[in-house]
Number of protein chains: 2
Amino acid sequence: MARRTSHRRERQDAVKHTHQKPWRRVTTPYPPLEVLSPEQLARVHDAALGVLECLGLEFMSDEALDILDAAGAEVTHETGMVRFPRELVTHAIAKAPSSIELTARNPERSVVLGGKNINFTSVSGPPNVSDLDGGRRPGNLKDQLNLIRLSQSLNAIHMLAPSPVEALELPANSRHLDVCAAYATLTDKCWATRPIGRQRIEDAIEIMRIARGVSAEEAAQKPGMLANINVNSPRRVDKEMLAGLMALGRAGQPVIVTPFTLAGAMSPVTVAGALVQQHTEAMGVLAFAQMANPGAPMIYGGFTSNVDMKSGAPVFGSPEYVQAVLAGGQLARHLDLPYRSSNVNASNAVDVQAAYESLMSLWAVCLGHVNLVYHGHGWLEGGLTASFEKMILDAEMVQMMCEVLTPLKFDDDSLGLAAIEEVPPGGHFFGTAHTLARFDNAFYAPMISDWRNFEAWEEAGAKTGTERANTVFKQLLAEYEAPPLDADRREEIEAFVARRKEEIADRGLDAA
Amino acid sequence: MARRTSHRRERQDAVKHTHQKPWRRVTTPYPPLEVLSPEQLARVHDAALGVLECLGLEFMSDEALDILDAAGAEVTHETGMVRFPRELVTHAIAKAPSSIELTARNPERSVVLGGKNINFTSVSGPPNVSDLDGGRRPGNLKDQLNLIRLSQSLNAIHMLAPSPVEALELPANSRHLDVCAAYATLTDKCWATRPIGRQRIEDAIEIMRIARGVSAEEAAQKPGMLANINVNSPRRVDKEMLAGLMALGRAGQPVIVTPFTLAGAMSPVTVAGALVQQHTEAMGVLAFAQMANPGAPMIYGGFTSNVDMKSGAPVFGSPEYVQAVLAGGQLARHLDLPYRSSNVNASNAVDVQAAYESLMSLWAVCLGHVNLVYHGHGWLEGGLTASFEKMILDAEMVQMMCEVLTPLKFDDDSLGLAAIEEVPPGGHFFGTAHTLARFDNAFYAPMISDWRNFEAWEEAGAKTGTERANTVFKQLLAEYEAPPLDADRREEIEAFVARRKEEIADRGLDAA
C-alpha cells in the first residue's frame, strides 16, 4: 500500500518535474570546520575592534552620522569619519537576534536564518544572461521572468536573491517595481530586494506585504524579505546603502552587511588581512544598524576572496575563498549572528571550471555553517552573467550537498544483516527482499548526471552534463505553473505598481 | 600595452612549465569529519565481527585455509568457508603497524601512509584511454607510457597506482614486467603493482629493488611498493589475490585490502549495510594477512558506493559515496590502520559531471583522512577509461584541496594592519608595500582555471577548461625529462625483464 502511494506520487512527479528532491529546510548535523584557532579568532576580532577604534569607517550620510554621534561614536562631520569605542560596538551588536525567521507568502516556504540552518538562493544581479541556445546577451525582461519561474520550480532554491538578471530595457528608476511584482506573483518563496535608497526598499516591502495579505505591523513582526548592504571597501559606506539599511530596520526586515573585500585590491593581499578588514567593516556597519534600530534583525555577510595579481581579475571558488568562508563563519558565530556567504565561480562558460569552483564554494558554505547562501544557483563569470544551465548544475550540486548533510539511517533494518545472511559468497543482492523493499528510493536520483555506460551514452547523442542541463531547464520552464495568489492581492499589487510608476514619473525616485 | 605584456608572459609560461605547486607531502590540520556517532561506529564494528563469527568468508586457497586453521579460525576445508572467533580477528589486526613509510628510488619522493598524511595516486587499470584529439580507444603501450610520464611530471601525484591503462597489445602473462620496468625507469616516485598471483608480485618487487639499488633484505625492511587486494564481494576471496597477498607480506611490502561493496549489488542496498559488509570483509582478510605474516604492513581499503537501481550501473562521487568514505575512515581509525579510498566519478566525458563527482570524492577523502587516494588522477567513466585531460583536471582540483589543507599564515605581518592604515576609505591596496612584497606568490596560481574577462577569453578562442587541460597535458609531455637512473641499474632491470620473459615463454606464469 505504501509502495503504491509512493509509485503514484513518483509518476506524478515525473510528469510534472524531472528528478528533484522535495523542497525542505536543510540543517547540518556536523560541527563547523574551523580554520582559525581560538587564538587566531581572538586576534582577528581584537584587530578589527582596534581598527574601528583608531581608524574608523567613513559614513556618507548626515542622518547616519547624527545617529552615530548620539549613540556615542566619535564622529567627524566634515569628513564623515567615525571611530568606535570597543564596548560601543560589541554592546550594539549584542542587541541583534541570533536567528531570524522569514515568512513566505506560502508559509510552507518560510525559512530560518541562523543556527545550523543552511538556505540556498538564486543568482542576484548580473547584467548579462546566457544559455547554450542564445549565447550571452544583455539582461532583459523575458529572461528575468524565466529565471524567476525556474527559481520557483527548483526545489533546491529556498528563497530568491534580488533580480536574477537586470531587465535593462525597463526604466532604471522604476525597474525595482517590476521585479518585485514578478517575485510576488511568480513565486511563493521568500525573496530579497536591493537596498539602493529608501524608496526602493519601501516599495519592495509594500509589495511583499500585499502579497502576503498582512498589515505593515504584522509584516514588521514577522519579516518576509531582506536586503544586502555592500560596504564600499575599504572602510566606506555610501549614502544610498545607508538609507536602504535604515529603511529596512524601521520596517523590521533583516539587513545583511557584506564588506566587498577582495584581497590585494580592496583589502590587504593576505587572507588574514582581508579577514581583519571584513570583520572591521561588518562590525562597524552592523553596530550602526543597531544604533539606528535597536534589536533589528541582521546578518553578518562575508565576500572575502582575492584578485589574480597578474590581471587584477577577481578570483572565486579558490582555496583562499574556501578558507575565508570557513573563517567568516567563525567570526559570525563569535558575534552570535546569522551568516551569509555565496556560491561563486569565475568561469566564462558552464564547464569543468564552473563546476569545481562552485563545488569548492558549496563545500565551504556547508562546512562553514553559512545560513544564507547568496548566488546559490545560476551565477557565472564572477557575477557578470546569469546562466540557465548553471541554475540546473547548481541545483544538482546543492541537492547532493544536502544529501551529504542528511544523517545515515542506522536502524536495525538498515544494517541489512538478514540480507547479508541471505546472499551466499559470490552472489548478489539484486533480488533480496531487503533490496526490493527499497528499490525506488534507495539512493540519490540525479537531475543531470548520466550513469549509463559509454555505448548507451554515445548512442543517445554523447551529451555533456551542460547539454543535459539545457534540456532540464527547458523542461522545467515548460512545466512551470504559477503558485496560486488571490485575485484581490494580485490586483492590489498591480495598482500599487501603477501608482508608484506615475509618482516616480512625476517626481522622480527619492534616493535618500 | 598591458595586453602585450600579458601576451609575452603567457609565452614565457608556456616555455617553462604550466603553473604547478612543488611536490610535497600533504597533511591535514583539521579533525576528520565523522558521519557515524560513537554508538553507530561501535554497532557497525560489532555487527561485522558478528558476521565473521557466524557466517564467515570464503577463502579459495588451500594454503590460506591451512594458515587460518593453524591460527585458530573455524575452517571448513570442503567449502573454503572460514568463521572467525572475535578475539582472533582483533588480536591479529592489532599486530599491524598504524603507519607505513614507502621509500621511493628518489628518497625525496618517499611517502608516509598513516596519521594525517594524504597521498594522491594516478589512475589504475582502465581498459580504455582517451583524449580530445584521439577520442576513446583501447589501452595501448604508447598511451600507457605517456600516462606514466605525465604522472611523473604532475607534482600533485605522490605515487603511481598500478598500470594507468592496460597495454593490450602486449602478451597478458608478461605485461606486468613491461609496466613495472616503465615505472622503474620513467618515474622516481613510488609505484604500486597488481597482486594477481605470486610471481607477478615477486617480479614487481624485484624490479623495484633493482631500481632502488638495495638488497632484498633492505627492501623488506624499508618497503617501496604496495598492491591492492579486492575482495570478490560478497564474502569471497579468490586464489590469485590470496597468493599475491601472501607474497607481499613475505617480502615486507604493504597490502591494501579493499572489499568491492556496491550497495544494492554486491552488498545490501543501504549505506549502513554496505559498511557492515565492507568492514566484515576487510577485517577478515586483514586478520588473515597477519596470520600469514605477523606484523606485516597493511592498509584498510574502502570502495563502498552504490548502483543506480534503475540501470544497475555503478554510481561514483555521489552523496552516498561521500558518506561511505567518511564512515570508512572512522572504521579504519578504529582499527588503528592506514586508510585507502579513491577519487571517482561515473561520467563518460570530461565535463561538469566528471568535475563535480570527482570533487565530491576529493572533499570526502580529505575530510575522511584517507591516507592513500587511489585513482587520484585520470580516472573516468567509472574506471573504464584513463583520460589525459582528466589527469590535468584532477591535478588542478587536488592542488586546490591541498591549499585548503594548508594553514593560513597568521603572523603580525599577515594581518596587514599597516596596509589597512595606509589605504584611505574608498582607496585600493594594489600599490602598498605590503602588496608589492607579496605580489608573485600571494595566491594559488591555477593550471587550467581561466580568470580573464569574457571578452579576452572569447578572443583567445573561448576554450573550455577541458580544452585548456588538453593543452596543458601536451605541454607537460613535451617538456618531460626522465629522472636520472644509474646505467647499471637500468641494464639490470632490462636483463631481468628479458630473462623472466623467456622463463614465462618456456614454462608459463605460475599463478599460484
# chains A, B, ... in the order shown; residues from 1 in each chain; ligands from 1
$ calpha_fit_rmsd --fixed "chain A" --moving "chain B"
2.9 Å
$ residues_around --residues "range 221-232 of chain B" --least-positions-apart "2" --cutoff "6 Å" --atoms "only C-alpha atoms" --output "list in words"
Leu102, Thr103, Ala104, Trp191, Ala192, Thr193, Arg194, Pro195, Glu218, Ala219, Arg236, Val237, Met241, Gln253, Pro254, Val255, Ile256, Val257, Thr258 and Pro259 of chain B
$ residues_around --residues "Lys189 in chain B" --least-positions-apart "6" --cutoff "9 Å" --atoms "only C-alpha atoms" --output "PyMOL selection string"
chain B and resi 103-111+152+157-160+183
$ closest_residue --among "B:Thr28, B:Gln353, B:Ser61, B:Thr261" --to "Leu242 in chain B" --atoms "only C-alpha atoms"
B:Ser61
$ residues_around --residues "range 325-333 of chain B" --least-positions-apart "6" --cutoff "9 Å" --atoms "only C-alpha atoms" --output "PyMOL selection string"
chain B and resi 32-36+41+44-45+98+115+275+278-279+299-305+339-342+361+364-365+367-370
$ closest_residue --among "B:Gly426, B:Gly295, B:Gly508, B:Gly197" --to "Met60 in chain A" --atoms "only C-alpha atoms"
B:Gly426
$ interface_residues --of "chain A" --to "chain B" --cutoff "6 Å" --atoms "only C-alpha atoms" --output "count of residues only"
33
$ residues_around --residues "Val112 in chain B" --least-positions-apart "2" --cutoff "10 Å" --atoms "only C-alpha atoms" --output "PyMOL selection string"
chain B and resi 25-27+99-103+110+114-119+338+371-372
$ atom_distance --atom1 "CA of Val398 in chain B" --atom2 "CA of Ala156 in chain B"
6.5 Å
$ atom_distance --atom1 "CA of Ala482 in chain B" --atom2 "CA of Leu186 in chain B"
5.4 Å
$ select_by_dssp --residues "range 260-289 of chain A" --states "helix (DSSP H, G or I)" --output "VMD selection string"
chain A and resid 271 to 289
$ write_last_selection --atoms "N, CA and C atoms" --output "PDB file, in the first residue's frame"
ATOM      1  N   VAL A 271      44.965  36.609   3.206  1.00  0.00           N
ATOM      2  CA  VAL A 271      43.625  36.231   3.664  1.00  0.00           C
ATOM      3  C   VAL A 271      43.405  36.731   5.090  1.00  0.00           C
ATOM      4  N   ALA A 272      44.431  36.631   5.944  1.00  0.00           N
ATOM      5  CA  ALA A 272      44.293  37.099   7.326  1.00  0.00           C
ATOM      6  C   ALA A 272      43.978  38.600   7.353  1.00  0.00           C
ATOM      7  N   GLY A 273      44.687  39.370   6.525  1.00  0.00           N
ATOM      8  CA  GLY A 273      44.447  40.809   6.488  1.00  0.00           C
ATOM      9  C   GLY A 273      43.073  41.144   5.941  1.00  0.00           C
ATOM     10  N   ALA A 274      42.661  40.427   4.908  1.00  0.00           N
ATOM     11  CA  ALA A 274      41.338  40.669   4.340  1.00  0.00           C
ATOM     12  C   ALA A 274      40.250  40.328   5.359  1.00  0.00           C
ATOM     13  N   LEU A 275      40.491  39.290   6.170  1.00  0.00           N
ATOM     14  CA  LEU A 275      39.509  38.934   7.204  1.00  0.00           C
ATOM     15  C   LEU A 275      39.426  40.018   8.275  1.00  0.00           C
ATOM     16  N   VAL A 276      40.572  40.572   8.650  1.00  0.00           N
ATOM     17  CA  VAL A 276      40.551  41.673   9.628  1.00  0.00           C
ATOM     18  C   VAL A 276      39.697  42.818   9.075  1.00  0.00           C
ATOM     19  N   GLN A 277      39.911  43.118   7.799  1.00  0.00           N
ATOM     20  CA  GLN A 277      39.161  44.243   7.241  1.00  0.00           C
ATOM     21  C   GLN A 277      37.677  43.909   7.087  1.00  0.00           C
ATOM     22  N   GLN A 278      37.375  42.690   6.640  1.00  0.00           N
ATOM     23  CA  GLN A 278      35.964  42.266   6.557  1.00  0.00           C
ATOM     24  C   GLN A 278      35.284  42.420   7.910  1.00  0.00           C
ATOM     25  N   HIS A 279      35.956  41.953   8.947  1.00  0.00           N
ATOM     26  CA  HIS A 279      35.360  41.961  10.283  1.00  0.00           C
ATOM     27  C   HIS A 279      35.215  43.394  10.798  1.00  0.00           C
ATOM     28  N   THR A 280      36.196  44.230  10.490  1.00  0.00           N
ATOM     29  CA  THR A 280      36.130  45.651  10.865  1.00  0.00           C
ATOM     30  C   THR A 280      34.894  46.301  10.261  1.00  0.00           C
ATOM     31  N   GLU A 281      34.775  46.164   8.960  1.00  0.00           N
ATOM     32  CA  GLU A 281      33.695  46.841   8.250  1.00  0.00           C
ATOM     33  C   GLU A 281      32.332  46.275   8.628  1.00  0.00           C
ATOM     34  N   ALA A 282      32.260  44.936   8.720  1.00  0.00           N
ATOM     35  CA  ALA A 282      30.980  44.323   9.083  1.00  0.00           C
ATOM     36  C   ALA A 282      30.543  44.788  10.465  1.00  0.00           C
ATOM     37  N   MET A 283      31.472  44.730  11.433  1.00  0.00           N
ATOM     38  CA  MET A 283      31.086  45.110  12.802  1.00  0.00           C
ATOM     39  C   MET A 283      30.687  46.579  12.879  1.00  0.00           C
ATOM     40  N   GLY A 284      31.421  47.458  12.199  1.00  0.00           N
ATOM     41  CA  GLY A 284      31.097  48.888  12.269  1.00  0.00           C
ATOM     42  C   GLY A 284      29.709  49.165  11.737  1.00  0.00           C
ATOM     43  N   VAL A 285      29.377  48.580  10.598  1.00  0.00           N
ATOM     44  CA  VAL A 285      28.069  48.863   9.988  1.00  0.00           C
ATOM     45  C   VAL A 285      26.950  48.140  10.741  1.00  0.00           C
ATOM     46  N   LEU A 286      27.228  46.930  11.209  1.00  0.00           N
ATOM     47  CA  LEU A 286      26.226  46.204  11.994  1.00  0.00           C
ATOM     48  C   LEU A 286      25.933  46.948  13.300  1.00  0.00           C
ATOM     49  N   ALA A 287      26.984  47.500  13.926  1.00  0.00           N
ATOM     50  CA  ALA A 287      26.768  48.286  15.152  1.00  0.00           C
ATOM     51  C   ALA A 287      25.901  49.501  14.839  1.00  0.00           C
ATOM     52  N   PHE A 288      26.182  50.162  13.711  1.00  0.00           N
ATOM     53  CA  PHE A 288      25.349  51.304  13.316  1.00  0.00           C
ATOM     54  C   PHE A 288      23.897  50.870  13.122  1.00  0.00           C
ATOM     55  N   ALA A 289      23.689  49.707  12.492  1.00  0.00           N
ATOM     56  CA  ALA A 289      22.314  49.238  12.248  1.00  0.00           C
ATOM     57  C   ALA A 289      21.545  49.105  13.559  1.00  0.00           C
TER      58      ALA A 289
END
$ residues_around --residues "range 204-206 of chain B" --least-positions-apart "5" --cutoff "8 Å" --atoms "only C-alpha atoms" --output "ChimeraX atom specification"
/B:176-177,180,193,216,225,251
$ write_last_selection --atoms "C-alpha atoms" --output "tab-separated table (two decimals), in the first residue's frame"
chain	number	residue	atom	x	y	z
B	176	HIS	CA	53.36	-6.81	-15.81
B	177	LEU	CA	57.11	-6.89	-16.47
B	180	CYS	CA	56.98	-2.35	-13.87
B	193	THR	CA	51.54	-3.14	-8.70
B	216	ALA	CA	66.05	-7.91	-0.77
B	225	MET	CA	55.75	-0.55	-3.20
B	251	ALA	CA	58.61	-9.57	1.16
